[in-house]
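Quick look at my_file-v7.pdb (PDB, C-alpha atoms):
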```pdb
ATOM      1  CA  MET A   1     -38.204 -10.149   5.521
ATOM      2  CA  LYS A   2     -38.383 -11.741   2.080
ATOM      3  CA  PRO A   3     -35.572 -14.164   1.122
ATOM      4  CA  SER A   4     -34.601 -12.029  -1.907
ATOM      5  CA  VAL A   5     -34.041  -8.990   0.344
ATOM      6  CA  ILE A   6     -31.883 -11.022   2.741
ATOM      7  CA  ILE A   7     -29.815 -12.437  -0.135
ATOM      8  CA  THR A   8     -29.337  -8.960  -1.645
ATOM      9  CA  LEU A   9     -28.223  -7.510   1.701
ATOM     10  CA  GLY A  10     -25.827 -10.423   2.186
ATOM     11  CA  LEU A  11     -24.272  -9.899  -1.241
ATOM     12  CA  LEU A  12     -23.878  -6.154  -0.667
ATOM     13  CA  CYS A  13     -22.189  -6.704   2.687
ATOM     14  CA  SER A  14     -19.880  -9.473   1.475
ATOM     15  CA  SER A  15     -18.768  -7.510  -1.598
ATOM     16  CA  ALA A  16     -17.879  -4.482   0.548
ATOM     17  CA  PHE A  17     -15.563  -6.653   2.644
ATOM     18  CA  ALA A  18     -14.020  -8.323  -0.414
ATOM     19  CA  THR A  19     -12.849  -5.125  -2.089
ATOM     20  CA  PRO A  20      -9.487  -3.588  -1.153
ATOM     21  CA  PRO A  21      -9.519  -0.355   0.854
ATOM     22  CA  GLU A  22      -9.335   2.809  -1.245
ATOM     23  CA  ILE A  23      -7.921   6.285  -0.768
ATOM     24  CA  ASP A  24     -10.425   8.763   0.751
ATOM     25  CA  GLN A  25     -12.713   6.008   2.111
ATOM     26  CA  LYS A  26     -13.757   6.320   5.750
ATOM     27  CA  LEU A  27     -11.859   3.943   8.033
ATOM     28  CA  PRO A  28     -14.045   0.805   8.403
ATOM     29  CA  LEU A  29     -15.314  -0.079  11.868
ATOM     30  CA  ALA A  30     -13.580  -3.481  11.630
ATOM     31  CA  ALA A  31     -10.123  -1.866  11.266
ATOM     32  CA  GLU A  32      -7.714  -2.739  14.068
ATOM     33  CA  PRO A  33      -5.118  -0.309  15.458
ATOM     34  CA  TYR A  34      -1.749  -1.499  14.119
ATOM     35  CA  MET A  35       0.819  -2.554  16.710
ATOM     36  CA  LEU A  36       4.499  -3.260  16.050
ATOM     37  CA  ALA A  37       6.752  -4.412  18.900
ATOM     38  CA  GLY A  38       4.295  -2.999  21.432
ATOM     39  CA  HIS A  39       4.155   0.425  19.774
ATOM     40  CA  ARG A  40       1.724   2.194  17.449
ATOM     41  CA  PRO A  41       3.741   3.002  14.282
ATOM     42  CA  TRP A  42       2.755   5.967  12.146
ATOM     43  CA  VAL A  43       3.091   6.334   8.393
ATOM     44  CA  ILE A  44       5.398   9.308   7.800
ATOM     45  CA  THR A  45       4.571  11.453   4.760
ATOM     46  CA  ASP A  46       6.908  13.254   2.378
ATOM     47  CA  THR A  47       6.291  16.436   4.378
ATOM     48  CA  GLY A  48       7.220  14.729   7.644
ATOM     49  CA  ALA A  49       3.605  14.548   8.887
ATOM     50  CA  GLY A  50       2.498  11.309  10.565
ATOM     51  CA  LEU A  51      -0.665   9.317   9.960
ATOM     52  CA  GLU A  52      -2.237   6.949  12.478
ATOM     53  CA  THR A  53      -1.999   3.357  11.179
ATOM     54  CA  PHE A  54      -4.630   0.602  11.154
ATOM     55  CA  ARG A  55      -4.782  -2.964   9.822
ATOM     56  CA  ILE A  56      -7.573  -4.081   7.494
ATOM     57  CA  THR A  57      -8.098  -7.608   6.173
ATOM     58  CA  ARG A  58     -10.036  -7.967   2.942
ATOM     59  CA  ASN A  59     -10.467 -11.080   0.817
ATOM     60  CA  GLY A  60      -7.549 -12.760   2.591
ATOM     61  CA  HIS A  61      -5.125  -9.856   2.035
ATOM     62  CA  HIS A  62      -3.747  -7.771   4.900
ATOM     63  CA  TYR A  63      -3.424  -4.012   4.411
ATOM     64  CA  LEU A  64      -1.971  -1.261   6.567
ATOM     65  CA  VAL A  65      -3.738   2.060   6.123
ATOM     66  CA  GLY A  66      -2.802   5.523   7.325
ATOM     67  CA  VAL A  67      -5.678   7.850   8.143
ATOM     68  CA  ASP A  68      -5.958  11.616   8.382
ATOM     69  CA  GLN A  69      -7.655  13.520  11.213
ATOM     70  CA  SER A  70     -11.115  12.859   9.764
ATOM     71  CA  HIS A  71     -10.343   9.094   9.685
ATOM     72  CA  LYS A  72     -10.258   8.982   5.883
ATOM     73  CA  ILE A  73      -7.701   6.649   4.342
ATOM     74  CA  SER A  74      -4.737   8.606   2.944
ATOM     75  CA  TYR A  75      -2.185   5.798   2.582
ATOM     76  CA  ILE A  76      -2.413   2.051   1.856
ATOM     77  CA  THR A  77       0.310  -0.581   1.866
ATOM     78  CA  LEU A  78       0.457  -4.334   2.397
ATOM     79  CA  ALA A  79       1.281  -5.963   5.718
ATOM     80  CA  GLY A  80       3.981  -8.215   4.240
ATOM     81  CA  ASP A  81       1.412  -9.999   2.037
ATOM     82  CA  ARG A  82       3.386 -11.769  -0.686
ATOM     83  CA  THR A  83       0.270 -13.266  -2.330
ATOM     84  CA  PHE A  84      -1.179  -9.880  -3.343
ATOM     85  CA  LYS A  85      -0.727  -8.743  -6.946
ATOM     86  CA  THR A  86      -1.704  -5.434  -8.489
ATOM     87  CA  PRO A  87      -3.954  -5.566 -11.576
ATOM     88  CA  GLU A  88      -0.711  -5.270 -13.610
ATOM     89  CA  GLY A  89       0.638  -8.454 -11.994
ATOM     90  CA  VAL A  90       3.219  -6.699  -9.784
ATOM     91  CA  ALA A  91       3.843  -8.216  -6.336
ATOM     92  CA  LEU A  92       6.356  -7.823  -3.532
ATOM     93  CA  ASP A  93       9.748  -9.034  -4.814
ATOM     94  CA  SER A  94       8.766  -8.540  -8.480
ATOM     95  CA  PRO A  95      11.872  -7.562 -10.454
ATOM     96  CA  LEU A  96      12.270  -4.012 -11.734
ATOM     97  CA  SER A  97      11.910  -5.318 -15.306
ATOM     98  CA  VAL A  98       8.321  -6.477 -14.584
ATOM     99  CA  VAL A  99       7.432  -3.067 -13.147
ATOM    100  CA  THR A 100       8.970  -1.062 -16.001
ATOM    101  CA  ALA A 101       7.081  -3.251 -18.497
ATOM    102  CA  ALA A 102       3.818  -2.353 -16.708
ATOM    103  CA  THR A 103       4.293   1.443 -16.656
ATOM    104  CA  LYS A 104       5.492   4.278 -18.841
ATOM    105  CA  HIS A 105       6.375   6.483 -15.852
ATOM    106  CA  ALA A 106       9.903   7.416 -14.889
ATOM    107  CA  PRO A 107      11.015   6.606 -11.334
ATOM    108  CA  VAL A 108       9.991   9.138  -8.687
ATOM    109  CA  LYS A 109      12.718   9.629  -6.090
ATOM    110  CA  VAL A 110      11.876  10.193  -2.418
ATOM    111  CA  SER A 111      15.298  11.178  -1.123
ATOM    112  CA  ARG A 112      14.376  11.571   2.559
ATOM    113  CA  TRP A 113      13.738   7.837   2.770
ATOM    114  CA  GLY A 114      16.296   6.642   0.253
ATOM    115  CA  CYS A 115      13.662   5.068  -1.978
ATOM    116  CA  TYR A 116      12.023   5.554  -5.343
ATOM    117  CA  TYR A 117       8.795   4.302  -6.825
ATOM    118  CA  LEU A 118       7.179   3.726 -10.183
ATOM    119  CA  PRO A 119       3.484   4.655 -10.481
ATOM    120  CA  LEU A 120       1.333   1.909 -11.996
ATOM    121  CA  PRO A 121      -1.845   2.513 -14.048
ATOM    122  CA  SER A 122      -3.982   0.913 -11.294
ATOM    123  CA  GLY A 123      -2.991   3.599  -8.779
ATOM    124  CA  TRP A 124      -0.569   1.330  -6.931
ATOM    125  CA  ASN A 125       3.072   2.397  -6.682
ATOM    126  CA  ALA A 126       5.957  -0.088  -6.714
ATOM    127  CA  ALA A 127       8.672   1.124  -4.333
ATOM    128  CA  PHE A 128      12.355   0.208  -4.299
ATOM    129  CA  VAL A 129      14.874   1.067  -1.594
ATOM    130  CA  GLY A 130      17.972   2.717  -3.068
ATOM    131  CA  SER A 131      18.584   5.010  -6.000
ATOM    132  CA  PRO A 132      17.297   4.381  -9.518
ATOM    133  CA  GLN A 133      20.525   5.844 -10.925
ATOM    134  CA  GLY A 134      22.912   4.341  -8.381
ATOM    135  CA  PRO A 135      25.452   1.766  -9.535
ATOM    136  CA  ARG A 136      24.777  -1.830  -8.557
ATOM    137  CA  PRO A 137      27.773  -3.743  -7.239
ATOM    138  CA  ALA A 138      29.019  -6.578  -9.425
ATOM    139  CA  GLY A 139      27.043  -9.728  -8.709
ATOM    140  CA  ALA A 140      24.291  -7.853  -6.850
ATOM    141  CA  PRO A 141      20.808  -9.197  -7.468
ATOM    142  CA  PRO A 142      18.519  -7.072  -9.658
ATOM    143  CA  ALA A 143      16.275  -4.547  -7.916
ATOM    144  CA  LYS A 144      13.009  -6.019  -6.605
ATOM    145  CA  VAL A 145       9.858  -4.382  -5.264
ATOM    146  CA  ASN A 146      10.323  -3.701  -1.538
ATOM    147  CA  PHE A 147       6.754  -2.519  -0.970
ATOM    148  CA  LEU A 148       3.589  -1.525  -2.786
ATOM    149  CA  PHE A 149       1.533   1.477  -1.749
ATOM    150  CA  LYS A 150      -1.191   3.936  -2.667
ATOM    151  CA  SER A 151      -1.378   7.418  -1.232
ATOM    152  CA  ARG A 152      -3.253  10.647  -1.643
ATOM    153  CA  THR A 153      -0.052  12.421  -2.742
ATOM    154  CA  ALA A 154       1.949   9.360  -3.883
ATOM    155  CA  LYS A 155       5.017  10.637  -2.077
ATOM    156  CA  ARG A 156       4.910   8.687   1.168
ATOM    157  CA  CYS A 157       7.305   5.986   2.200
ATOM    158  CA  GLY A 158       7.813   3.897   5.306
ATOM    159  CA  LEU A 159       6.700   3.478   8.898
ATOM    160  CA  THR A 160       8.225   4.916  12.044
ATOM    161  CA  MET A 161       7.673   4.429  15.740
ATOM    162  CA  ARG A 162       5.664   7.021  17.620
TER
END
```
Mind converting the file's structure to structure tokens?
Amino acid sequence: MKPSVIITLGLLCSSAFATPPEIDQKLPLAAEPYMLAGHRPWVITDTGAGLETFRITRNGHHYLVGVDQSHKISYITLAGDRTFKTPEGVALDSPLSVVTAATKHAPVKVSRWGCYYLPLPSGWNAAFVGSPQGPRPAGAPPAKVNFLFKSRTAKRCGLTMR
């Protein structure tokens, strides 16, 4: 094989592993079943349906993905990765003020899980536990991003044990 062909194949393969997972992609072969305390947690959707969860590492970032029955990615979140930032500069623990500056969307409430999220232009959603209208106790710290996620319907929150 010519050196240029080998280099091109190497670049194609390395770039595929450097990009974050995306909604509707097939689950990569390198994905690992996600285990938490000896159990396989499922992502629970807004309709109460569960998605099987896998862990993917790309470019040093750790993602948890929920897949549908055809093994296409339907949900993406971070596995506690505090170094990841969305293209808007939003990360875990970013204050609400940073998120509202990055989006023109109103908060979307997901009452079954007691959380709300703000959709970002990049397709990521910044989620906060609590109510966007609820009063904050005196001296309470400002709201911060509890988790970031992408989903096919953008109305999914949380993990549960199977």
Next on the checklist: Taking the file as I've supplied it (selection: the PyMOL selection byres ((chain A and resi 22) around 12)), which residues are included? Please answer as a PyMOL selection string.
Outcome noted: chain A and resi 16-17+19-21+23-28+56+58+63-67+72-77+122-124+149-152
Next on the checklist: Which residues would end up in the selection if the PyMOL selection byres ((chain A and resi 31-35) around 9) were applied here, given that I need the answer as a PyMOL selection string?
Outcome noted: chain A and resi 27-30+36-42+52-57+64-65
Checklist entry - Which residue, A:Ile44, A:Ala91, A:Val145, A:Ala126, has the smallest gap to A:Asp68 when you use only C-alpha atoms? => result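 Nearest candidate to A:Asp68 out of A:Ile44, A:Ala91, A:Val145, A:Ala126: A:Ile44.
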Next on the checklist: Which residues would end up in the selection if the PyMOL selection byres ((chain A and resi 95) around 10) were applied here, given that I need the answer as a ChimeraX atom specification?
Outcome noted: /A:90-94,96-100,128,141-146
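Between atom CA of A:Thr83 and atom CA of A:Thr153 there is a distance of 25.7 Å.
Comparing the minimum interatomic distances between A:Phe147 and each of A:Leu118, A:Ala101, A:Leu78, A:Val110, counting all atoms listed in the file, we find that A:Leu78 sits nearest.
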Item to check | Å distance separating atom CA of A:Lys104 from atom CA of A:Glu88, one decimal place | outcome: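 Atom CA of A:Glu88 lies 12.5 Å from atom CA of A:Lys104.
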Checklist entry - Mind pulling up the distance from atom CA of A:Gly114 to atom CA of A:Ala127? => result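 Calculated distance between atom CA of A:Ala127 and atom CA of A:Gly114 is 10.5 Å.
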